[in-house]
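Chemist: This one is data-v5.txt, compact mmCIF, C-alpha atoms.
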# COMPACT_ATOMS: atom_id res chain seq x y z
CA MET A 112 0.00 0.00 0.00
CA PHE A 113 1.19 3.50 -0.79
CA THR A 114 1.44 6.20 1.83
CA ARG A 115 -0.10 9.62 1.28
CA SER A 116 3.40 11.15 1.50
CA SER A 117 4.50 9.23 -1.63
CA MET A 118 1.64 10.60 -3.72
CA LYS A 119 1.93 13.23 -6.43
CA HIS A 120 -0.73 15.88 -6.96
CA TYR A 121 -1.79 17.69 -10.13
CA LYS A 122 -4.36 20.08 -11.47
CA TYR A 123 -5.54 19.23 -14.98
CA GLU A 124 -7.20 21.77 -17.27
CA SER A 125 -8.37 20.88 -20.78
CA LYS A 126 -8.05 24.43 -22.11
CA GLY A 127 -5.92 24.66 -25.22
CA ASN A 128 -6.22 20.95 -26.00
CA THR A 129 -6.13 19.82 -29.62
CA GLN A 130 -7.92 16.51 -29.03
CA GLY A 131 -11.48 17.82 -29.29
CA LEU A 132 -12.12 17.75 -25.55
CA GLU A 133 -14.38 20.33 -23.96
CA GLU A 134 -12.35 23.42 -23.05
CA ASN A 135 -13.72 23.73 -19.52
CA ILE A 136 -12.62 20.48 -17.82
CA VAL A 137 -10.87 21.07 -14.48
CA CYS A 138 -9.73 18.13 -12.36
CA TYR A 139 -7.41 17.59 -9.43
CA TRP A 140 -5.63 14.26 -9.12
CA GLU A 141 -3.73 12.37 -6.46
CA ILE A 142 -1.50 9.81 -8.18
CA ASN A 143 0.29 6.95 -6.42
CA GLU A 144 3.85 5.78 -7.07
CA ALA A 145 2.61 3.23 -9.63
CA GLY A 146 1.00 6.03 -11.64
CA PHE A 147 -2.67 5.37 -10.86
CA ILE A 148 -5.10 8.09 -9.82
CA VAL A 149 -6.38 7.21 -6.35
CA ARG A 150 -8.36 10.38 -5.65
CA SER A 151 -9.91 12.69 -8.23
CA ILE A 152 -11.89 15.91 -7.98
CA GLU A 153 -13.79 17.37 -10.92
CA VAL A 154 -15.06 20.96 -10.77
CA LEU A 155 -17.97 21.57 -13.14
CA ASP A 156 -18.81 24.88 -14.84
CA ASP A 157 -21.38 25.70 -12.17
CA LYS A 158 -18.73 25.05 -9.47
CA THR A 159 -20.30 21.70 -8.51
CA ILE A 160 -17.61 19.43 -7.08
CA LEU A 161 -17.50 15.70 -7.79
CA LYS A 162 -15.10 13.44 -5.89
CA TYR A 163 -13.95 9.92 -6.63
CA SER A 164 -11.60 7.62 -4.74
CA GLU A 165 -11.03 3.94 -4.10
CA LYS A 166 -13.91 4.19 -1.59
CA HIS A 167 -16.28 5.83 -4.13
CA GLU A 168 -15.10 4.82 -7.60
CA ALA A 169 -18.12 5.72 -9.73
CA ASP A 170 -21.67 7.01 -9.84
CA SER A 171 -24.10 8.34 -12.43
CA MET A 172 -22.09 11.57 -12.77
CA GLY A 173 -18.64 10.13 -13.40
CA GLN A 174 -15.87 7.87 -12.16
CA LEU A 175 -12.34 7.62 -10.89
CA PRO A 176 -10.07 7.86 -13.96
CA GLU A 177 -8.67 4.50 -15.03
CA GLY A 178 -5.28 3.55 -16.39
CA GLN A 179 -1.73 4.44 -15.54
CA VAL A 180 -0.63 8.06 -15.82
CA THR A 181 2.96 8.57 -16.95
CA GLN A 182 5.09 11.69 -16.92
CA ASP A 183 4.72 11.75 -20.71
CA ASN A 184 0.91 11.88 -20.27
CA LEU A 185 1.23 14.76 -17.83
CA ASN A 186 3.53 16.65 -20.23
CA ASP A 187 1.36 16.06 -23.33
CA SER A 188 -0.14 19.51 -23.99
CA THR A 189 -2.37 18.18 -26.78
CA PHE A 190 -4.77 17.12 -24.00
CA GLY A 191 -4.45 20.34 -21.98
CA VAL A 192 -2.26 21.46 -19.10
CA CYS A 193 -1.20 19.63 -15.93
CA THR A 194 0.26 21.68 -13.11
CA GLY A 195 1.93 20.19 -10.06
CA LEU A 196 0.36 20.87 -6.68
CA SER A 197 1.51 20.40 -3.12
CA LYS A 198 -0.26 17.85 -0.93
CA ASP A 199 -1.68 20.74 1.11
CA GLN A 200 -3.08 22.46 -1.99
CA PHE A 201 -4.79 19.23 -3.03
CA GLU A 202 -6.18 18.62 0.48
CA MET A 203 -7.68 22.14 0.61
CA ILE A 204 -9.77 21.23 -2.43
CA TRP A 205 -10.50 17.67 -1.27
CA ILE A 206 -12.07 18.85 2.02
CA GLN A 207 -14.74 20.85 0.18
CA ASN A 208 -18.22 19.32 0.09
CA ALA A 209 -19.02 17.35 -3.03
CA GLU A 210 -22.34 16.87 -4.80
CA ASN A 211 -21.90 13.11 -5.19
CA CYS A 212 -20.63 11.89 -1.83
How does this structure look as structure tokens?
Modeler:
Amino acid sequence: MFTRSSMKHYKYESKGNTQGLEENIVCYWEINEAGFIVRSIEVLDDKTILKYSEKHEADSMGQLPEGQVTQDNLNDSTFGVCTGLSKDQFEMIWIQNAENC
């Protein structure tokens, strides 16, 4: 099992992507050492917050992203922009109330 201190944290924004994704996607991810997202926050246009984790993987509004995330994925600007966050920055968003859990 991975400890929270070994996790990496990122903010993902789809703006500027060239893949045909909506321009307004904003997500925050906690990624373990193996490269899998273990906690995800999506902020919708109306500021609704959706949270997913290993304890709440999916619902009718979305799901925890699947698949391994590599550094190449994070650097690929064709999908948008990923910005590194501190653990504290991520936790400040995670503690906010979510619509789905």
Chemist: State, in Å with one decimal place, the distance from atom CA of A:Tyr139 to atom CA of A:Phe201.
Modeler: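 Taking atom CA of A:Tyr139 and atom CA of A:Phe201, their separation equals 7.1 Å.
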Chemist: Would you mind reading off the distance between atom CA of A:Cys212 and atom CA of A:Gly178, one decimal, in Å?
Modeler: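 For atom CA of A:Cys212 relative to atom CA of A:Gly178, the distance reads 22.7 Å.
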Chemist: Find the residue from A:Val192, A:Lys126, A:Ile148, A:Gln200 that sits nearest to A:Gln179; use all atoms listed in the file when measuring.
Modeler: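 Smallest distance to A:Gln179 is found for A:Ile148.
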Chemist: Might I get the box with edges along x, y and z of the file that holds all atoms of stretch 149-164 of chain A listed there, padded by 3 Å on every side, given as centre and edge lengths in Å to one decimal, as lines of an AutoDock Vina configuration file?
Modeler:
center_x = -13.9
center_y = 16.5
center_z = -9.8
size_x = 21.0
size_y = 24.5
size_z = 16.1
Chemist: Excluding A:Glu210 and any residue of its chain fewer than 4 positions from it, enumerate the residues within 9 Å of it, using all atoms listed in the file, and give them as JSON, numbers by chain.
Modeler: {"A": [159, 160, 161, 162]}
Chemist: Every residue with an atom at most 7 Å from (-2.5, 21.6, -24.0) (file coordinates; only C-alpha atoms) is what I'm after, so could you write them as a PyMOL selection string?
Modeler: chain A and resi 125-129+187-192
Chemist: Quick one: write out the picked residues with C-alpha atoms as a short mmCIF file (atom, residue, chain, number, x, y, z; two decimals), keeping the file's coordinate frame?
Modeler:
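The result, written out as result-v2.cif:
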data_model
loop_
_atom_site.label_atom_id
_atom_site.label_comp_id
_atom_site.auth_asym_id
_atom_site.auth_seq_id
_atom_site.Cartn_x
_atom_site.Cartn_y
_atom_site.Cartn_z
CA SER A 125 -8.37 20.88 -20.78
CA LYS A 126 -8.05 24.43 -22.11
CA GLY A 127 -5.92 24.66 -25.22
CA ASN A 128 -6.22 20.95 -26.00
CA THR A 129 -6.13 19.82 -29.62
CA ASP A 187 1.36 16.06 -23.33
CA SER A 188 -0.14 19.51 -23.99
CA THR A 189 -2.37 18.18 -26.78
CA PHE A 190 -4.77 17.12 -24.00
CA GLY A 191 -4.45 20.34 -21.98
CA VAL A 192 -2.26 21.46 -19.10
#
Chemist: I need the residue nearest A:Glu153 from this list: A:Leu185, A:Gly131, A:Glu165, A:Ala209. Use only C-alpha atoms for the distance.
Modeler: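 Looking at the shortest contact to A:Glu153, the residue is A:Ala209.
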Chemist: Please indicate the distance in Å from atom CA of A:Asn135 to atom CA of A:Ile152, rounded to one decimal place.
Modeler: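 Distance reported for this atom pair: 14.1 Å.
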Chemist: Could you pull the residues within 6 Å of A:Tyr123, counting all atoms listed in the file, minus those fewer than 2 positions along the same chain, as a list in words?
Modeler: Val137, Cys138, Val192 and Cys193 of chain A
Chemist: Using all atoms listed in the file, which residue out of A:Arg150, A:Thr181, A:Lys122, A:Asn186 lies closest to A:Lys166?
Modeler: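 That would be A:Arg150, the residue with the smallest distance to A:Lys166.
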Chemist: Would you mind telling me which residue in A:Asp156, A:Asn184, A:Asn208, A:Leu175 lies nearest to A:Glu134 when using all atoms listed in the file?
Modeler: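 The closest residue to A:Glu134 is A:Asp156.
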Chemist: Render stretch 139-166 of chain A from the structure in the preceding block as a file of N, CA and C atoms, as a PDB file, in the first residue's frame.
Modeler:
ATOM      1  N   TYR A 139      -8.552  17.665 -10.346  1.00  0.00           N
ATOM      2  CA  TYR A 139      -7.410  17.589  -9.432  1.00  0.00           C
ATOM      3  C   TYR A 139      -7.186  16.114  -9.156  1.00  0.00           C
ATOM      4  N   TRP A 140      -5.932  15.681  -9.251  1.00  0.00           N
ATOM      5  CA  TRP A 140      -5.631  14.258  -9.117  1.00  0.00           C
ATOM      6  C   TRP A 140      -4.577  14.005  -8.056  1.00  0.00           C
ATOM      7  N   GLU A 141      -4.767  12.913  -7.333  1.00  0.00           N
ATOM      8  CA  GLU A 141      -3.734  12.371  -6.463  1.00  0.00           C
ATOM      9  C   GLU A 141      -3.303  11.057  -7.103  1.00  0.00           C
ATOM     10  N   ILE A 142      -2.020  10.945  -7.433  1.00  0.00           N
ATOM     11  CA  ILE A 142      -1.498   9.813  -8.182  1.00  0.00           C
ATOM     12  C   ILE A 142      -0.477   9.063  -7.321  1.00  0.00           C
ATOM     13  N   ASN A 143      -0.642   7.740  -7.238  1.00  0.00           N
ATOM     14  CA  ASN A 143       0.285   6.950  -6.419  1.00  0.00           C
ATOM     15  C   ASN A 143       1.589   6.677  -7.175  1.00  0.00           C
ATOM     16  N   GLU A 144       2.535   6.020  -6.491  1.00  0.00           N
ATOM     17  CA  GLU A 144       3.855   5.776  -7.074  1.00  0.00           C
ATOM     18  C   GLU A 144       3.806   4.910  -8.326  1.00  0.00           C
ATOM     19  N   ALA A 145       2.762   4.088  -8.455  1.00  0.00           N
ATOM     20  CA  ALA A 145       2.614   3.234  -9.632  1.00  0.00           C
ATOM     21  C   ALA A 145       1.984   3.978 -10.804  1.00  0.00           C
ATOM     22  N   GLY A 146       1.541   5.218 -10.572  1.00  0.00           N
ATOM     23  CA  GLY A 146       0.996   6.035 -11.641  1.00  0.00           C
ATOM     24  C   GLY A 146      -0.514   5.974 -11.787  1.00  0.00           C
ATOM     25  N   PHE A 147      -1.210   5.457 -10.785  1.00  0.00           N
ATOM     26  CA  PHE A 147      -2.666   5.372 -10.862  1.00  0.00           C
ATOM     27  C   PHE A 147      -3.311   6.462 -10.017  1.00  0.00           C
ATOM     28  N   ILE A 148      -4.375   7.050 -10.547  1.00  0.00           N
ATOM     29  CA  ILE A 148      -5.104   8.090  -9.822  1.00  0.00           C
ATOM     30  C   ILE A 148      -5.914   7.411  -8.729  1.00  0.00           C
ATOM     31  N   VAL A 149      -5.676   7.821  -7.476  1.00  0.00           N
ATOM     32  CA  VAL A 149      -6.377   7.208  -6.348  1.00  0.00           C
ATOM     33  C   VAL A 149      -7.434   8.134  -5.754  1.00  0.00           C
ATOM     34  N   ARG A 150      -7.317   9.420  -6.020  1.00  0.00           N
ATOM     35  CA  ARG A 150      -8.358  10.382  -5.648  1.00  0.00           C
ATOM     36  C   ARG A 150      -8.449  11.413  -6.763  1.00  0.00           C
ATOM     37  N   SER A 151      -9.681  11.751  -7.129  1.00  0.00           N
ATOM     38  CA  SER A 151      -9.914  12.689  -8.226  1.00  0.00           C
ATOM     39  C   SER A 151     -11.045  13.628  -7.846  1.00  0.00           C
ATOM     40  N   ILE A 152     -10.873  14.888  -8.201  1.00  0.00           N
ATOM     41  CA  ILE A 152     -11.889  15.914  -7.980  1.00  0.00           C
ATOM     42  C   ILE A 152     -12.157  16.554  -9.328  1.00  0.00           C
ATOM     43  N   GLU A 153     -13.427  16.661  -9.694  1.00  0.00           N
ATOM     44  CA  GLU A 153     -13.794  17.372 -10.917  1.00  0.00           C
ATOM     45  C   GLU A 153     -14.643  18.565 -10.513  1.00  0.00           C
ATOM     46  N   VAL A 154     -14.302  19.741 -11.038  1.00  0.00           N
ATOM     47  CA  VAL A 154     -15.060  20.957 -10.772  1.00  0.00           C
ATOM     48  C   VAL A 154     -15.810  21.315 -12.054  1.00  0.00           C
ATOM     49  N   LEU A 155     -17.134  21.275 -11.977  1.00  0.00           N
ATOM     50  CA  LEU A 155     -17.971  21.565 -13.137  1.00  0.00           C
ATOM     51  C   LEU A 155     -18.106  23.073 -13.343  1.00  0.00           C
ATOM     52  N   ASP A 156     -18.624  23.464 -14.507  1.00  0.00           N
ATOM     53  CA  ASP A 156     -18.805  24.883 -14.845  1.00  0.00           C
ATOM     54  C   ASP A 156     -19.555  25.658 -13.773  1.00  0.00           C
ATOM     55  N   ASP A 157     -20.571  25.021 -13.183  1.00  0.00           N
ATOM     56  CA  ASP A 157     -21.384  25.705 -12.170  1.00  0.00           C
ATOM     57  C   ASP A 157     -20.776  25.618 -10.771  1.00  0.00           C
ATOM     58  N   LYS A 158     -19.507  25.178 -10.711  1.00  0.00           N
ATOM     59  CA  LYS A 158     -18.729  25.049  -9.468  1.00  0.00           C
ATOM     60  C   LYS A 158     -19.128  23.831  -8.635  1.00  0.00           C
ATOM     61  N   THR A 159     -19.988  22.962  -9.173  1.00  0.00           N
ATOM     62  CA  THR A 159     -20.301  21.704  -8.511  1.00  0.00           C
ATOM     63  C   THR A 159     -19.030  20.875  -8.436  1.00  0.00           C
ATOM     64  N   ILE A 160     -18.802  20.254  -7.290  1.00  0.00           N
ATOM     65  CA  ILE A 160     -17.614  19.434  -7.078  1.00  0.00           C
ATOM     66  C   ILE A 160     -18.017  17.967  -7.033  1.00  0.00           C
ATOM     67  N   LEU A 161     -17.320  17.148  -7.800  1.00  0.00           N
ATOM     68  CA  LEU A 161     -17.502  15.703  -7.792  1.00  0.00           C
ATOM     69  C   LEU A 161     -16.210  15.066  -7.325  1.00  0.00           C
ATOM     70  N   LYS A 162     -16.300  14.101  -6.414  1.00  0.00           N
ATOM     71  CA  LYS A 162     -15.104  13.437  -5.892  1.00  0.00           C
ATOM     72  C   LYS A 162     -15.196  11.935  -6.128  1.00  0.00           C
ATOM     73  N   TYR A 163     -14.045  11.358  -6.454  1.00  0.00           N
ATOM     74  CA  TYR A 163     -13.945   9.916  -6.635  1.00  0.00           C
ATOM     75  C   TYR A 163     -12.670   9.428  -5.970  1.00  0.00           C
ATOM     76  N   SER A 164     -12.760   8.233  -5.391  1.00  0.00           N
ATOM     77  CA  SER A 164     -11.603   7.620  -4.736  1.00  0.00           C
ATOM     78  C   SER A 164     -11.804   6.112  -4.768  1.00  0.00           C
ATOM     79  N   GLU A 165     -10.889   5.387  -4.178  1.00  0.00           N
ATOM     80  CA  GLU A 165     -11.032   3.940  -4.105  1.00  0.00           C
ATOM     81  C   GLU A 165     -12.248   3.549  -3.263  1.00  0.00           C
ATOM     82  N   LYS A 166     -12.718   4.450  -2.414  1.00  0.00           N
ATOM     83  CA  LYS A 166     -13.907   4.194  -1.592  1.00  0.00           C
ATOM     84  C   LYS A 166     -15.197   4.551  -2.319  1.00  0.00           C
TER      85      LYS A 166
END
